[in-house]
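Trainee: What follows is a single structure, and I will ask about it in a moment.
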Amino acid sequence: MKKLKKLALLVLIMSMCLTLIVACDSSDKEQGNVAGKTIKIGWIGSLTGDQSVFGICERDTIQMLIDDVNKDGGIAGKQLEFIPYDTRGTPEEAVNAVNRLVNNDKVLVILGPNSSGLAIPIASVLEKGKVADIATVATNEKVTVDNGVLKPYNFRVCFIDPYQGGVAATFAYKEQGFKTAAILSDISDEYSQGMAEYFKKTFEDLGGEIVAEEAFKTGDVDFRPQLTKIKEKAPDCIFLPYFYKEVSLTAQQADEIGIKTIFIGGDGWTSDQLMEMGGAYLQGSFIVNHVDFDDPDVQGLTNHFLETYPGQPVQLNTFMGHDAFVTAKAAIEKVAAAESKISSEAIAKALNDIEVKGITGTIHISPEDHNPIGKEAAIITIVGEEYKFVMKYAADMSN
Amino acid sequence: MEYYLQVLTLAGINLMVVLGLGLLTGFTGLFSFGHAGFMCIGAYTSAILTVTLKVPFVVALIASGLVAGAISLLLGRLTLKLKGDYFLIATLGFGESVRLIFDNIEPLGGARGFSGIEKNSNFISVWLVCIIGIFFLIRLMNSRYGRNFKAIREEELASATIGIDVFKTKLLSLFISAIYAGIGGSLYAHYMTFIKPTNFQLIKSTEFTIMAIIGGLGSITGSVIGALLLTVLPELLRFVADWRMVIYGAAVVILIIVRPKGIAGGKEFKDFFFIVWIRRLFNKIFTKEDPGNGGKL
Amino acid sequence: MDQFLQQLINGVSIGSIYALMAVGYSLVYSIMNFSNFAHGGVIMLSAYMGYFAIVLLKVSFGGALLLATLGATLIAVLIERIAYRPLRKRSAPTLYFIISAMGMSILLENLVIATIGPQFKTYPIIFAESTIQLGNLSISKMDIFMLIIAAVALVGLVFFLNKTRTGIAVRAATYNARASQLMGVNVDRIVSIVFALGGALAGIAGVFFGIRYTVYAQAGIITNKAFVAAVFGGLGSLPGAIVGSILLGIIETFVAAWRSQLRDLTTFAILIAVLVFKPTGLMGKNTEDKA
């Protein structure tokens, strides 16, 4: 009985503490966060872990652009304050980081992440705090629209998996005349699965035939069993919708067992390491990318980045980060011009159909799905040791 | 404030799993690398029940635990008769296999995940579940079963000779630890609102084990300390991000050699010097002194 | 038929790498009676050492292999000294060894990530014309080379264990450490030697793994396959470890060819099947029950 009494007392004390804690949290979240002396812009991404190369690049790009704007006097007379946090590539960290940005640092808008796995779970925190997030390279449809429901505080500046897979398939079938294709995908990676699914659907809708569908698991390093099977079916092309490390290994092993077919891939390929490791085995393959590295506008940004951060390589995230930033900037400017207070809620509203010129094309956010409308993809190929631009391509996704 | 509450909520979710793991490893002496698998099962069960079948959260919570427990019985049946090492690798294989199976189940989203889960896990709900969990565990460890667990941990052969059904006891320990992990999974799903099989990778199992070890094996308080400390610490130590796991790895090696019982040292909350002092004070104030004979025989 | 043969070649190639790892693993298991999780870390470090030997020190491939093997041997012995010996001296329960090993493997993996970085490294191309074509079949030159070196190493090991005094002492110690101590065997030294042997094999395996599959910090996870292979062949039996590995490689390959997503599930299924039906594995000795 004594033990029970003690326990009861303990529970009583704890529940008192609990009520005290909960009562303290009473901030008025009507308008989200409001700009004080500075305009705070948050960012989340992987600064450690496998994806850190992309995350670091993205953060540095945005830092560079913010410094530029601040040098020019900021926005509406206020300086911009940049607050980046590391998500370590895990969704729990992403949620923690966004929590911190929204509730502690009181930012007005958040840029990034570059992964759908992180962009989706943060939605509830964004909604509670009424702060908008612009994802840079998160391509899963569910980031902005889930089961038909539009997420009011999620936006993005990249095209989505259904689109990318569709572009690859249409380009392969219509432009290159490939009638049969094989797909090798990563069963435990959402990006890979999304791309594979839509490639298959579009390719078959156009009249092509998928002769082989093989899979592996993230972390696998030997693809020869699957490749041997694919070789048997002799497809016109092989679709490899995953990331550059596994792609390099795949290409190398494919060459080893005598496969001479053309490969096709998506934005997970583009990296210097791909060229270094697998370039020799990927000659003539096609990549669906967000941007043409040889475009003169793109050159300008590339040079600016290389000057600011000598020795650091430019990645896709440089361009997507840039576009996320200019989109946010446009929204902030719009709000600053129209209202007396710059609030995160107002920025979110402004983002609903903002239109701005980005480096990957015109970014026109659709109020229906918060995705950029009608973005063209850039098809690039590998010749020698370089990426060469082939053409801009927009798939007809009217269905 | 909101931010701190969320971090503590996450700590609570981790705590549920660590409590289960603590029972299995600390009290029964079995090591598992696959508890993320049970968490995964619990998470998906809860997600399916609440989203597709519109079952109320509380029911789903309990169901998740039970489903995970049921699967653990199957696993245990196959692997518990064997030595610790085999069991360990079997749990590792189990954890990875569960994840792989879910990757392949298209209707549940496969690798692309399951979204649209309601955010039912907040500070209060999570810690309420934790308190109930701790309470139950305390009662369990003070019962005959608890003593059996400890007996097996200390000396398995001797326990068998005095009539303890080693296999059944180990199975019970695994069963309960899986239930806790499953419930933890459900809480996780309703906190993240979106789950993917990659959330439950080997590294997650490893993190829970580290929490149990650093906090202190063989002590419920240790599990609490471990879960709280290692969930909150990364937030405070953002700047050492890259080295965090290095420090953990080193800490585990050093601890197991120098102080295997971890921070809690195998003792419980009530054994801590500070608490003992409060209790004595409490007793002095609230109980009548027995005049007795002054302790003389 | 062609495809069958090609897949067979693939399987053997994968299996031979597993074999090098499994033998080292099994060796340590037979003397210490626990699974050395840090073994994977040694393999991974060896891959890095070989890489840096070639890239920074500009040595030849043979030189890099030698250096990496030596380095791995040293690291393995060091790990034993730091992480396991203190526990052994206190007759700590097996659980503690496992925990220490786990901590060590996490430490090594993340140390590499924190210092060298998370990006993977690729060995420069060793053989110019990398494959030999036999009709429709392709065999990689690197595979043949690996098989030869692995065979040489394993033959060397068997010779050492059977024909040298130290080797016999090792075998005695794996059978019964107490008794061999009574016979004048310095068990501490023997343990170090065993780890050294395991480390050397891991060193070779690491370099080959790095060449074939790039050098990255998470490579240590491959040890799980090695464990399953060792269990499959029979823990404590070296020929068993080799046979188990090759078989595992072949089975995995054919399953991957049939339903590629099920590959890792098969590994797990094999483990469970072995544990349930024949825990001593294919060629294992009947190890006494350690309670």
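A note on labels: chains of the structure tokens are A, B, ... as shown, every chain counts residues from 1, and ligands are counted from 1 in their shown order.
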With chain C as the partner and 6 Å as the cut-off, tabulate the residues of chain A that qualify, each row holding the nearest pair of atoms and their distance in Å to one decimal, using only C-alpha atoms, sorted by chain and rising number, as a tab-separated table.

Mentor:
residue	atom	partner	partner_atom	distance
A:Asp50	CA	C:Pro118	CA	5.8
A:Glu214	CA	C:Ser260	CA	5.9
A:Ala215	CA	C:Ser260	CA	5.3
A:Phe216	CA	C:Gln261	CA	5.5
A:Val221	CA	C:Tyr213	CA	5.9
A:Pro225	CA	C:Ala257	CA	5.1
A:Gln226	CA	C:Ala257	CA	5.5
A:Ile257	CA	C:Ser138	CA	5.2

Trainee: Taking only C-alpha atoms into account, report as a list of chain:residue names which residues of chain B lie within 8 Å of chain A.

Mentor: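 So the residues of chain B near chain A are B:Met1, B:Glu2, B:Tyr3, B:Gln6, B:Val7, B:Leu100, B:Asp103, B:Asn104, B:Gly110, B:Ala111, B:Arg112, B:Gly113, B:Ser115, B:Gly116, B:Lys119, B:Ile124, B:Met192, B:Thr193, B:Phe194, B:Lys196, B:Pro197, B:Thr198, B:Asn199, B:Arg238, B:Ala241, B:Asp242.
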
Trainee: At what distance in Å, to one decimal, does atom CA of Gly32 of chain A lie from atom CA of Thr136 of chain A?

Mentor: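 Calculated distance between atom CA of Thr136 of chain A and atom CA of Gly32 of chain A is 22.2 Å.
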
Trainee: I'd like the neighbourhood of segment 147-156 of chain B as a ChimeraX atom specification, where a residue qualifies if any of its atoms comes within 10 Å (using only C-alpha atoms), though same-chain residues fewer than 5 positions away should be ignored.

Mentor: /B:23-30,140-142,161,164-167,169-170,172-173,218 /C:93,95,290-291

Trainee: Specify as a ChimeraX atom specification all residues of chain B found within 8 Å of chain C, counting only C-alpha atoms.

Mentor: /B:29-31,78-79,82-86,89-90,93-94,97,100,104,155-157,242-243,245-253,256-257,260

Trainee: May I have the selected residues written with C-alpha atoms, as a PDB file, in the first residue's frame?

Mentor:
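Writing the result to result_21.pdb gives the following:
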ATOM      1  CA  GLY B  29      20.224 -10.982 -21.424  1.00  0.00           C
ATOM      2  CA  LEU B  30      19.187 -11.309 -25.062  1.00  0.00           C
ATOM      3  CA  PHE B  31      20.504  -8.894 -27.593  1.00  0.00           C
ATOM      4  CA  LEU B  78      12.211 -20.300 -34.531  1.00  0.00           C
ATOM      5  CA  THR B  79      15.229 -18.745 -32.928  1.00  0.00           C
ATOM      6  CA  LEU B  82      19.679 -21.289 -29.908  1.00  0.00           C
ATOM      7  CA  LYS B  83      22.625 -19.439 -28.537  1.00  0.00           C
ATOM      8  CA  GLY B  84      22.679 -15.704 -28.115  1.00  0.00           C
ATOM      9  CA  ASP B  85      24.778 -14.993 -31.184  1.00  0.00           C
ATOM     10  CA  TYR B  86      22.446 -16.789 -33.527  1.00  0.00           C
ATOM     11  CA  ILE B  89      21.899 -12.235 -36.219  1.00  0.00           C
ATOM     12  CA  ALA B  90      18.448 -13.682 -36.665  1.00  0.00           C
ATOM     13  CA  GLY B  93      17.968 -10.435 -40.488  1.00  0.00           C
ATOM     14  CA  PHE B  94      14.415 -10.117 -39.246  1.00  0.00           C
ATOM     15  CA  SER B  97      13.547  -8.481 -43.903  1.00  0.00           C
ATOM     16  CA  LEU B 100      12.215  -5.284 -47.369  1.00  0.00           C
ATOM     17  CA  ASN B 104       7.520  -4.717 -51.774  1.00  0.00           C
ATOM     18  CA  GLU B 155      22.896 -18.202 -15.240  1.00  0.00           C
ATOM     19  CA  GLU B 156      20.783 -19.938 -17.805  1.00  0.00           C
ATOM     20  CA  LEU B 157      21.829 -23.477 -17.025  1.00  0.00           C
ATOM     21  CA  ASP B 242      29.417  14.412 -37.858  1.00  0.00           C
ATOM     22  CA  TRP B 243      31.117  13.159 -34.745  1.00  0.00           C
ATOM     23  CA  MET B 245      27.953   8.628 -33.853  1.00  0.00           C
ATOM     24  CA  VAL B 246      31.702   8.366 -33.369  1.00  0.00           C
ATOM     25  CA  ILE B 247      31.228   9.532 -29.804  1.00  0.00           C
ATOM     26  CA  TYR B 248      28.361   7.090 -29.293  1.00  0.00           C
ATOM     27  CA  GLY B 249      30.392   4.186 -30.620  1.00  0.00           C
ATOM     28  CA  ALA B 250      33.321   5.062 -28.401  1.00  0.00           C
ATOM     29  CA  ALA B 251      31.006   5.619 -25.445  1.00  0.00           C
ATOM     30  CA  VAL B 252      29.497   2.170 -25.865  1.00  0.00           C
ATOM     31  CA  VAL B 253      32.895   0.459 -25.974  1.00  0.00           C
ATOM     32  CA  ILE B 256      30.847  -1.754 -21.503  1.00  0.00           C
ATOM     33  CA  ILE B 257      34.416  -2.155 -20.349  1.00  0.00           C
ATOM     34  CA  PRO B 260      28.724  -1.989 -18.031  1.00  0.00           C
TER      35      PRO B 260
END

Trainee: Among segment 72-290 of chain B, which ones does DSSP assign to helix (DSSP H, G or I) (computed from the backbone)? Answer as a ChimeraX atom specification.

Mentor: /B:72-79,84-104,106-108,110-112,123-141,144-154,156-161,166-192,197-200,202-215,220-236,238-258,269-271,273-286

Trainee: Excluding Asn371 of chain A and any residue of its chain fewer than 6 positions from it, enumerate the residues within 8 Å of it, using only C-alpha atoms, and give them as a list of chain:residue names.

Mentor: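 The residues satisfying every condition are A:Thr144, A:Phe155, A:Arg156, A:Val157, A:Cys158, A:Phe159, A:Ile365.
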
Trainee: So which residues of segment 79-289 of chain B fall under strand (DSSP E) by DSSP, listed as a ChimeraX atom specification?

Mentor: /B:114-115,194-195

Trainee: Please write the residues from the selection above to a file, keeping C-alpha atoms, as an mmCIF file, in the first residue's frame.

Mentor:
data_model
loop_
_atom_site.group_PDB
_atom_site.id
_atom_site.type_symbol
_atom_site.label_atom_id
_atom_site.label_comp_id
_atom_site.auth_asym_id
_atom_site.auth_seq_id
_atom_site.Cartn_x
_atom_site.Cartn_y
_atom_site.Cartn_z
ATOM 1 C CA PHE B 114 2.183 5.660 -46.425
ATOM 2 C CA SER B 115 0.915 9.126 -45.802
ATOM 3 C CA PHE B 194 4.053 9.714 -42.990
ATOM 4 C CA ILE B 195 6.011 6.482 -42.782
#

Trainee: Between A:Ala324, A:Ala182, A:Ile44, A:Ile62, single out the one closest to Ser115 of chain A, counting only C-alpha atoms.

Mentor: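 When distances to Ser115 of chain A are compared using only C-alpha atoms, the smallest one comes from A:Ile44.
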
Trainee: Name the residues in contact with Ala173 of chain C at a cut-off of 8 Å, using only C-alpha atoms, excluding same-chain residues fewer than 3 positions from it; report them as a ChimeraX atom specification.

Mentor: /C:31,169-170,176-181,185,187,190
